[in-house]
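**Q** Quick one, coords-v4.pdb (PDB, N, CA and C atoms):
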ATOM      1  N   MET A1299       0.846  -1.175   0.000  1.00  0.00           N
ATOM      2  CA  MET A1299       0.000   0.000   0.000  1.00  0.00           C
ATOM      3  C   MET A1299       0.896   1.244   0.000  1.00  0.00           C
ATOM      4  N   ARG A1300       0.600   2.151  -0.853  1.00  0.00           N
ATOM      5  CA  ARG A1300       1.378   3.393  -0.956  1.00  0.00           C
ATOM      6  C   ARG A1300       0.711   4.486  -0.121  1.00  0.00           C
ATOM      7  N   TRP A1301       1.520   5.185   0.660  1.00  0.00           N
ATOM      8  CA  TRP A1301       1.005   6.265   1.495  1.00  0.00           C
ATOM      9  C   TRP A1301       0.807   7.517   0.672  1.00  0.00           C
ATOM     10  N   CYS A1302      -0.309   8.170   0.858  1.00  0.00           N
ATOM     11  CA  CYS A1302      -0.572   9.458   0.207  1.00  0.00           C
ATOM     12  C   CYS A1302      -0.835  10.473   1.312  1.00  0.00           C
ATOM     13  N   LEU A1303       0.185  11.232   1.636  1.00  0.00           N
ATOM     14  CA  LEU A1303       0.069  12.206   2.710  1.00  0.00           C
ATOM     15  C   LEU A1303       0.508  13.569   2.221  1.00  0.00           C
ATOM     16  N   CYS A1304      -0.057  14.600   2.797  1.00  0.00           N
ATOM     17  CA  CYS A1304       0.381  15.943   2.442  1.00  0.00           C
ATOM     18  C   CYS A1304       1.806  16.150   2.960  1.00  0.00           C
ATOM     19  N   PRO A1305       2.580  17.018   2.323  1.00  0.00           N
ATOM     20  CA  PRO A1305       3.988  17.205   2.703  1.00  0.00           C
ATOM     21  C   PRO A1305       4.203  17.568   4.173  1.00  0.00           C
ATOM     22  N   SER A1306       3.340  18.387   4.754  1.00  0.00           N
ATOM     23  CA  SER A1306       3.548  18.769   6.158  1.00  0.00           C
ATOM     24  C   SER A1306       3.358  17.581   7.094  1.00  0.00           C
ATOM     25  N   LEU A1307       2.428  16.698   6.778  1.00  0.00           N
ATOM     26  CA  LEU A1307       2.231  15.505   7.601  1.00  0.00           C
ATOM     27  C   LEU A1307       3.399  14.539   7.424  1.00  0.00           C
ATOM     28  N   ARG A1308       3.890  14.411   6.197  1.00  0.00           N
ATOM     29  CA  ARG A1308       5.066  13.562   5.950  1.00  0.00           C
ATOM     30  C   ARG A1308       6.272  14.098   6.718  1.00  0.00           C
ATOM     31  N   ARG A1309       6.440  15.423   6.700  1.00  0.00           N
ATOM     32  CA  ARG A1309       7.571  16.056   7.392  1.00  0.00           C
ATOM     33  C   ARG A1309       7.479  15.832   8.907  1.00  0.00           C
ATOM     34  N   SER A1310       6.307  16.066   9.482  1.00  0.00           N
ATOM     35  CA  SER A1310       6.169  15.906  10.930  1.00  0.00           C
ATOM     36  C   SER A1310       6.311  14.436  11.336  1.00  0.00           C
ATOM     37  N   THR A1311       5.794  13.525  10.527  1.00  0.00           N
ATOM     38  CA  THR A1311       5.938  12.100  10.813  1.00  0.00           C
ATOM     39  C   THR A1311       7.405  11.692  10.773  1.00  0.00           C
ATOM     40  N   ALA A1312       8.124  12.104   9.732  1.00  0.00           N
ATOM     41  CA  ALA A1312       9.541  11.770   9.604  1.00  0.00           C
ATOM     42  C   ALA A1312      10.346  12.349  10.764  1.00  0.00           C
ATOM     43  N   THR A1313      10.050  13.590  11.133  1.00  0.00           N
ATOM     44  CA  THR A1313      10.765  14.237  12.232  1.00  0.00           C
ATOM     45  C   THR A1313      10.494  13.524  13.546  1.00  0.00           C
ATOM     46  N   ASN A1314       9.236  13.205  13.815  1.00  0.00           N
ATOM     47  CA  ASN A1314       8.891  12.507  15.056  1.00  0.00           C
ATOM     48  C   ASN A1314       9.537  11.132  15.134  1.00  0.00           C
ATOM     49  N   LEU A1315       9.538  10.400  14.044  1.00  0.00           N
ATOM     50  CA  LEU A1315      10.176   9.093  14.038  1.00  0.00           C
ATOM     51  C   LEU A1315      11.668   9.213  14.310  1.00  0.00           C
ATOM     52  N   ASN A1316      12.307  10.199  13.690  1.00  0.00           N
ATOM     53  CA  ASN A1316      13.734  10.415  13.894  1.00  0.00           C
ATOM     54  C   ASN A1316      14.035  10.762  15.352  1.00  0.00           C
ATOM     55  N   GLU A1317      13.213  11.601  15.945  1.00  0.00           N
ATOM     56  CA  GLU A1317      13.423  11.991  17.343  1.00  0.00           C
ATOM     57  C   GLU A1317      13.209  10.827  18.296  1.00  0.00           C
ATOM     58  N   LYS A1318      12.427   9.839  17.879  1.00  0.00           N
ATOM     59  CA  LYS A1318      12.215   8.649  18.706  1.00  0.00           C
ATOM     60  C   LYS A1318      13.296   7.598  18.479  1.00  0.00           C
ATOM     61  N   GLY A1319      14.259   7.911  17.596  1.00  0.00           N
ATOM     62  CA  GLY A1319      15.385   7.007  17.400  1.00  0.00           C
ATOM     63  C   GLY A1319      15.271   6.055  16.221  1.00  0.00           C
ATOM     64  N   VAL A1320      14.245   6.217  15.405  1.00  0.00           N
ATOM     65  CA  VAL A1320      14.109   5.358  14.222  1.00  0.00           C
ATOM     66  C   VAL A1320      15.203   5.732  13.230  1.00  0.00           C
ATOM     67  N   LEU A1321      15.864   4.732  12.672  1.00  0.00           N
ATOM     68  CA  LEU A1321      16.961   4.957  11.741  1.00  0.00           C
ATOM     69  C   LEU A1321      16.472   5.604  10.449  1.00  0.00           C
ATOM     70  N   ILE A1322      17.353   6.412   9.857  1.00  0.00           N
ATOM     71  CA  ILE A1322      17.024   7.111   8.611  1.00  0.00           C
ATOM     72  C   ILE A1322      16.589   6.121   7.525  1.00  0.00           C
ATOM     73  N   GLY A1323      17.248   4.983   7.447  1.00  0.00           N
ATOM     74  CA  GLY A1323      16.903   3.979   6.438  1.00  0.00           C
ATOM     75  C   GLY A1323      15.480   3.469   6.578  1.00  0.00           C
ATOM     76  N   GLU A1324      15.019   3.315   7.814  1.00  0.00           N
ATOM     77  CA  GLU A1324      13.644   2.871   8.049  1.00  0.00           C
ATOM     78  C   GLU A1324      12.643   3.961   7.666  1.00  0.00           C
ATOM     79  N   ILE A1325      12.976   5.193   8.008  1.00  0.00           N
ATOM     80  CA  ILE A1325      12.100   6.314   7.636  1.00  0.00           C
ATOM     81  C   ILE A1325      12.052   6.435   6.120  1.00  0.00           C
ATOM     82  N   GLN A1326      13.196   6.270   5.482  1.00  0.00           N
ATOM     83  CA  GLN A1326      13.281   6.313   4.018  1.00  0.00           C
ATOM     84  C   GLN A1326      12.354   5.267   3.398  1.00  0.00           C
ATOM     85  N   ARG A1327      12.398   4.064   3.947  1.00  0.00           N
ATOM     86  CA  ARG A1327      11.555   2.986   3.424  1.00  0.00           C
ATOM     87  C   ARG A1327      10.075   3.298   3.623  1.00  0.00           C
ATOM     88  N   LEU A1328       9.723   3.802   4.813  1.00  0.00           N
ATOM     89  CA  LEU A1328       8.319   4.130   5.085  1.00  0.00           C
ATOM     90  C   LEU A1328       7.786   5.225   4.165  1.00  0.00           C
ATOM     91  N   LEU A1329       8.648   6.205   3.852  1.00  0.00           N
ATOM     92  CA  LEU A1329       8.211   7.302   2.986  1.00  0.00           C
ATOM     93  C   LEU A1329       8.294   6.943   1.501  1.00  0.00           C
ATOM     94  N   GLY A1330       8.943   5.842   1.194  1.00  0.00           N
ATOM     95  CA  GLY A1330       9.046   5.404  -0.194  1.00  0.00           C
ATOM     96  C   GLY A1330      10.085   6.146  -1.006  1.00  0.00           C
ATOM     97  N   HIS A1331      11.098   6.682  -0.324  1.00  0.00           N
ATOM     98  CA  HIS A1331      12.156   7.406  -1.024  1.00  0.00           C
ATOM     99  C   HIS A1331      13.227   6.448  -1.535  1.00  0.00           C
ATOM    100  N   SER A1332      13.783   6.757  -2.691  1.00  0.00           N
ATOM    101  CA  SER A1332      14.851   5.924  -3.256  1.00  0.00           C
ATOM    102  C   SER A1332      16.227   6.389  -2.792  1.00  0.00           C
ATOM    103  N   ASP A1333      16.314   7.621  -2.265  1.00  0.00           N
ATOM    104  CA  ASP A1333      17.588   8.190  -1.856  1.00  0.00           C
ATOM    105  C   ASP A1333      17.451   8.773  -0.453  1.00  0.00           C
ATOM    106  N   TYR A1334      18.420   8.485   0.423  1.00  0.00           N
ATOM    107  CA  TYR A1334      18.325   8.973   1.788  1.00  0.00           C
ATOM    108  C   TYR A1334      18.395  10.504   1.869  1.00  0.00           C
ATOM    109  N   GLN A1335      19.015  11.156   0.873  1.00  0.00           N
ATOM    110  CA  GLN A1335      19.072  12.621   0.865  1.00  0.00           C
ATOM    111  C   GLN A1335      17.665  13.210   0.762  1.00  0.00           C
ATOM    112  N   GLN A1336      16.826  12.544   0.020  1.00  0.00           N
ATOM    113  CA  GLN A1336      15.436  12.981  -0.117  1.00  0.00           C
ATOM    114  C   GLN A1336      14.740  12.875   1.242  1.00  0.00           C
ATOM    115  N   THR A1337      15.024  11.807   1.971  1.00  0.00           N
ATOM    116  CA  THR A1337      14.437  11.625   3.296  1.00  0.00           C
ATOM    117  C   THR A1337      14.935  12.694   4.255  1.00  0.00           C
ATOM    118  N   LEU A1338      16.230  12.997   4.213  1.00  0.00           N
ATOM    119  CA  LEU A1338      16.799  14.015   5.102  1.00  0.00           C
ATOM    120  C   LEU A1338      16.162  15.382   4.870  1.00  0.00           C
ATOM    121  N   ALA A1339      15.728  15.644   3.651  1.00  0.00           N
ATOM    122  CA  ALA A1339      15.067  16.915   3.351  1.00  0.00           C
ATOM    123  C   ALA A1339      13.731  17.029   4.089  1.00  0.00           C
ATOM    124  N   TYR A1340      13.125  15.902   4.442  1.00  0.00           N
ATOM    125  CA  TYR A1340      11.845  15.901   5.148  1.00  0.00           C
ATOM    126  C   TYR A1340      11.998  15.994   6.655  1.00  0.00           C
ATOM    127  N   ILE A1341      13.208  15.746   7.171  1.00  0.00           N
ATOM    128  CA  ILE A1341      13.405  15.688   8.620  1.00  0.00           C
ATOM    129  C   ILE A1341      13.999  16.989   9.131  1.00  0.00           C
ATOM    130  N   ASP A1342      13.314  17.587  10.106  1.00  0.00           N
ATOM    131  CA  ASP A1342      13.840  18.766  10.790  1.00  0.00           C
ATOM    132  C   ASP A1342      14.628  18.251  11.994  1.00  0.00           C
ATOM    133  N   ILE A1343      15.945  18.301  11.904  1.00  0.00           N
ATOM    134  CA  ILE A1343      16.793  17.746  12.949  1.00  0.00           C
ATOM    135  C   ILE A1343      17.294  18.874  13.851  1.00  0.00           C
ATOM    136  N   ARG A1344      16.953  18.763  15.148  1.00  0.00           N
ATOM    137  CA  ARG A1344      17.446  19.729  16.126  1.00  0.00           C
ATOM    138  C   ARG A1344      18.957  19.602  16.243  1.00  0.00           C
ATOM    139  N   PRO A1345      19.668  20.692  16.523  1.00  0.00           N
ATOM    140  CA  PRO A1345      21.138  20.639  16.611  1.00  0.00           C
ATOM    141  C   PRO A1345      21.650  19.586  17.590  1.00  0.00           C
ATOM    142  N   GLU A1346      21.007  19.434  18.748  1.00  0.00           N
ATOM    143  CA  GLU A1346      21.473  18.430  19.714  1.00  0.00           C
ATOM    144  C   GLU A1346      21.238  17.008  19.203  1.00  0.00           C
ATOM    145  N   ARG A1347      20.166  16.812  18.448  1.00  0.00           N
ATOM    146  CA  ARG A1347      19.903  15.494  17.851  1.00  0.00           C
ATOM    147  C   ARG A1347      20.916  15.210  16.746  1.00  0.00           C
ATOM    148  N   ARG A1348      21.291  16.229  15.982  1.00  0.00           N
ATOM    149  CA  ARG A1348      22.271  16.077  14.919  1.00  0.00           C
ATOM    150  C   ARG A1348      23.611  15.610  15.512  1.00  0.00           C
ATOM    151  N   ALA A1349      24.013  16.225  16.639  1.00  0.00           N
ATOM    152  CA  ALA A1349      25.259  15.836  17.298  1.00  0.00           C
ATOM    153  C   ALA A1349      25.172  14.397  17.792  1.00  0.00           C
ATOM    154  N   GLU A1350      24.022  14.018  18.331  1.00  0.00           N
ATOM    155  CA  GLU A1350      23.816  12.648  18.812  1.00  0.00           C
ATOM    156  C   GLU A1350      23.898  11.651  17.657  1.00  0.00           C
ATOM    157  N   MET A1351      23.260  11.980  16.532  1.00  0.00           N
ATOM    158  CA  MET A1351      23.285  11.102  15.368  1.00  0.00           C
ATOM    159  C   MET A1351      24.721  10.948  14.847  1.00  0.00           C
ATOM    160  N   PHE A1352      25.471  12.032  14.850  1.00  0.00           N
ATOM    161  CA  PHE A1352      26.854  11.991  14.377  1.00  0.00           C
ATOM    162  C   PHE A1352      27.680  11.102  15.292  1.00  0.00           C
ATOM    163  N   THR A1353      27.478  11.223  16.599  1.00  0.00           N
ATOM    164  CA  THR A1353      28.212  10.402  17.562  1.00  0.00           C
ATOM    165  C   THR A1353      27.882   8.928  17.379  1.00  0.00           C
ATOM    166  N   LEU A1354      26.614   8.610  17.156  1.00  0.00           N
ATOM    167  CA  LEU A1354      26.206   7.214  16.968  1.00  0.00           C
ATOM    168  C   LEU A1354      26.747   6.632  15.670  1.00  0.00           C
ATOM    169  N   ALA A1355      26.898   7.467  14.662  1.00  0.00           N
ATOM    170  CA  ALA A1355      27.361   6.992  13.352  1.00  0.00           C
ATOM    171  C   ALA A1355      28.844   6.658  13.366  1.00  0.00           C
ATOM    172  N   PHE A1356      29.610   7.331  14.216  1.00  0.00           N
ATOM    173  CA  PHE A1356      31.055   7.119  14.241  1.00  0.00           C
ATOM    174  C   PHE A1356      31.445   6.678  15.590  1.00  0.00           C
TER
END
Please lay out the structure from this file as C-alpha coordinates.
**A**
Amino acid sequence: MRWCLCPSLRRSTATNLNEKGVLIGEIQRLLGHSDYQQTLAYIDIRPERRAEMFTLAF
(Lines of atoms letter the chains of each structure in order from A and count residues from 1; the text may use other names and numbers.)
(Lines give C-alpha, C1' and ligand atoms only; values in the text may rest on other atoms or scores of the structure.)
Protein backbone atom coordinates (compact mmCIF):
# COMPACT_ATOMS: atom_id res chain seq x y z
CA MET A 1 0.00 0.00 0.00
CA ARG A 2 1.38 3.39 -0.96
CA TRP A 3 1.00 6.27 1.49
CA CYS A 4 -0.57 9.46 0.21
CA LEU A 5 0.07 12.21 2.71
CA CYS A 6 0.38 15.94 2.44
CA PRO A 7 3.99 17.21 2.70
CA SER A 8 3.55 18.77 6.16
CA LEU A 9 2.23 15.50 7.60
CA ARG A 10 5.07 13.56 5.95
CA ARG A 11 7.57 16.06 7.39
CA SER A 12 6.17 15.91 10.93
CA THR A 13 5.94 12.10 10.81
CA ALA A 14 9.54 11.77 9.60
CA THR A 15 10.77 14.24 12.23
CA ASN A 16 8.89 12.51 15.06
CA LEU A 17 10.18 9.09 14.04
CA ASN A 18 13.73 10.42 13.89
CA GLU A 19 13.42 11.99 17.34
CA LYS A 20 12.21 8.65 18.71
CA GLY A 21 15.39 7.01 17.40
CA VAL A 22 14.11 5.36 14.22
CA LEU A 23 16.96 4.96 11.74
CA ILE A 24 17.02 7.11 8.61
CA GLY A 25 16.90 3.98 6.44
CA GLU A 26 13.64 2.87 8.05
CA ILE A 27 12.10 6.31 7.64
CA GLN A 28 13.28 6.31 4.02
CA ARG A 29 11.56 2.99 3.42
CA LEU A 30 8.32 4.13 5.08
CA LEU A 31 8.21 7.30 2.99
CA GLY A 32 9.05 5.40 -0.19
CA HIS A 33 12.16 7.41 -1.02
CA SER A 34 14.85 5.92 -3.26
CA ASP A 35 17.59 8.19 -1.86
CA TYR A 36 18.32 8.97 1.79
CA GLN A 37 19.07 12.62 0.87
CA GLN A 38 15.44 12.98 -0.12
CA THR A 39 14.44 11.62 3.30
CA LEU A 40 16.80 14.01 5.10
CA ALA A 41 15.07 16.91 3.35
CA TYR A 42 11.85 15.90 5.15
CA ILE A 43 13.40 15.69 8.62
CA ASP A 44 13.84 18.77 10.79
CA ILE A 45 16.79 17.75 12.95
CA ARG A 46 17.45 19.73 16.13
CA PRO A 47 21.14 20.64 16.61
CA GLU A 48 21.47 18.43 19.71
CA ARG A 49 19.90 15.49 17.85
CA ARG A 50 22.27 16.08 14.92
CA ALA A 51 25.26 15.84 17.30
CA GLU A 52 23.82 12.65 18.81
CA MET A 53 23.29 11.10 15.37
CA PHE A 54 26.85 11.99 14.38
CA THR A 55 28.21 10.40 17.56
CA LEU A 56 26.21 7.21 16.97
CA ALA A 57 27.36 6.99 13.35
CA PHE A 58 31.06 7.12 14.24
**Q** Would you mind writing down, as number ranges by chain, each residue of chain A that DSSP on the backbone assigns to alpha helix (DSSP H)?
**A** A: 1305-1317, 1322-1329, 1334-1340, 1345-1355
**Q** With only C-alpha atoms as the counted atoms, please give the residues lying no more than 8 Å from Arg1308 of chain A, apart from itself and same-chain residues fewer than 4 positions off, as a PyMOL selection string.
**A** chain A and resi 1303-1304+1312+1329+1340
**Q** Between A:Gly1330, A:Pro1305, A:Gly1323, A:Glu1317, single out the one closest to Asp1342 of chain A, counting all atoms listed in the file.
**A**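 Closest to Asp1342 of chain A, using all atoms listed in the file: A:Glu1317.
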**Q** If the box runs along x, y and z of the file and leaves 5 Å on each side of segment 1342-1350 of chain A, what are its centre and edge lengths in Å, one decimal, as JSON?
**A**
{"center_x": 19.3, "center_y": 16.2, "center_z": 14.9, "size_x": 21.9, "size_y": 19.0, "size_z": 19.6}
**Q** Between atom C of Gln1336 of chain A and atom CA of Ser1310 of chain A, what is the spacing in Å?
**A**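 Straight-line distance from atom CA of Ser1310 of chain A to atom C of Gln1336 of chain A works out to 13.3 Å.
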**Q** One decimal, Å: what's the distance from atom C of Thr1353 of chain A over to atom N of Ser1306 of chain A, could you say?
**A**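 So the answer is 29.2 Å.
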**Q** So how far away is atom CA of Arg1348 of chain A from atom CA of Gln1335 of chain A, in Å?
**A**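 Taking atom CA of Gln1335 of chain A and atom CA of Arg1348 of chain A, their separation equals 14.8 Å.
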**Q** Between A:Thr1313, A:Leu1307, A:Glu1350, A:Ile1322, which residue has the minimum interatomic distance to Tyr1334 of chain A, considering all atoms listed in the file?
**A**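 For Tyr1334 of chain A, the nearest of the candidates is A:Ile1322.
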**Q** Name the residues in contact with Val1320 of chain A at a cut-off of 12 Å, using only C-alpha atoms, excluding same-chain residues fewer than 6 positions from it; report them as a CSV table (one decimal) with N, CA and C atoms, in the coordinates of the input.
**A**
chain,number,residue,atom,x,y,z
A,1311,THR,N,5.8,13.5,10.5
A,1311,THR,CA,5.9,12.1,10.8
A,1311,THR,C,7.4,11.7,10.8
A,1312,ALA,N,8.1,12.1,9.7
A,1312,ALA,CA,9.5,11.8,9.6
A,1312,ALA,C,10.3,12.3,10.8
A,1313,THR,N,10.0,13.6,11.1
A,1313,THR,CA,10.8,14.2,12.2
A,1313,THR,C,10.5,13.5,13.5
A,1314,ASN,N,9.2,13.2,13.8
A,1314,ASN,CA,8.9,12.5,15.1
A,1314,ASN,C,9.5,11.1,15.1
A,1326,GLN,N,13.2,6.3,5.5
A,1326,GLN,CA,13.3,6.3,4.0
A,1326,GLN,C,12.4,5.3,3.4
A,1327,ARG,N,12.4,4.1,3.9
A,1327,ARG,CA,11.6,3.0,3.4
A,1327,ARG,C,10.1,3.3,3.6
A,1328,LEU,N,9.7,3.8,4.8
A,1328,LEU,CA,8.3,4.1,5.1
A,1328,LEU,C,7.8,5.2,4.2
A,1341,ILE,N,13.2,15.7,7.2
A,1341,ILE,CA,13.4,15.7,8.6
A,1341,ILE,C,14.0,17.0,9.1
A,1351,MET,N,23.3,12.0,16.5
A,1351,MET,CA,23.3,11.1,15.4
A,1351,MET,C,24.7,10.9,14.8
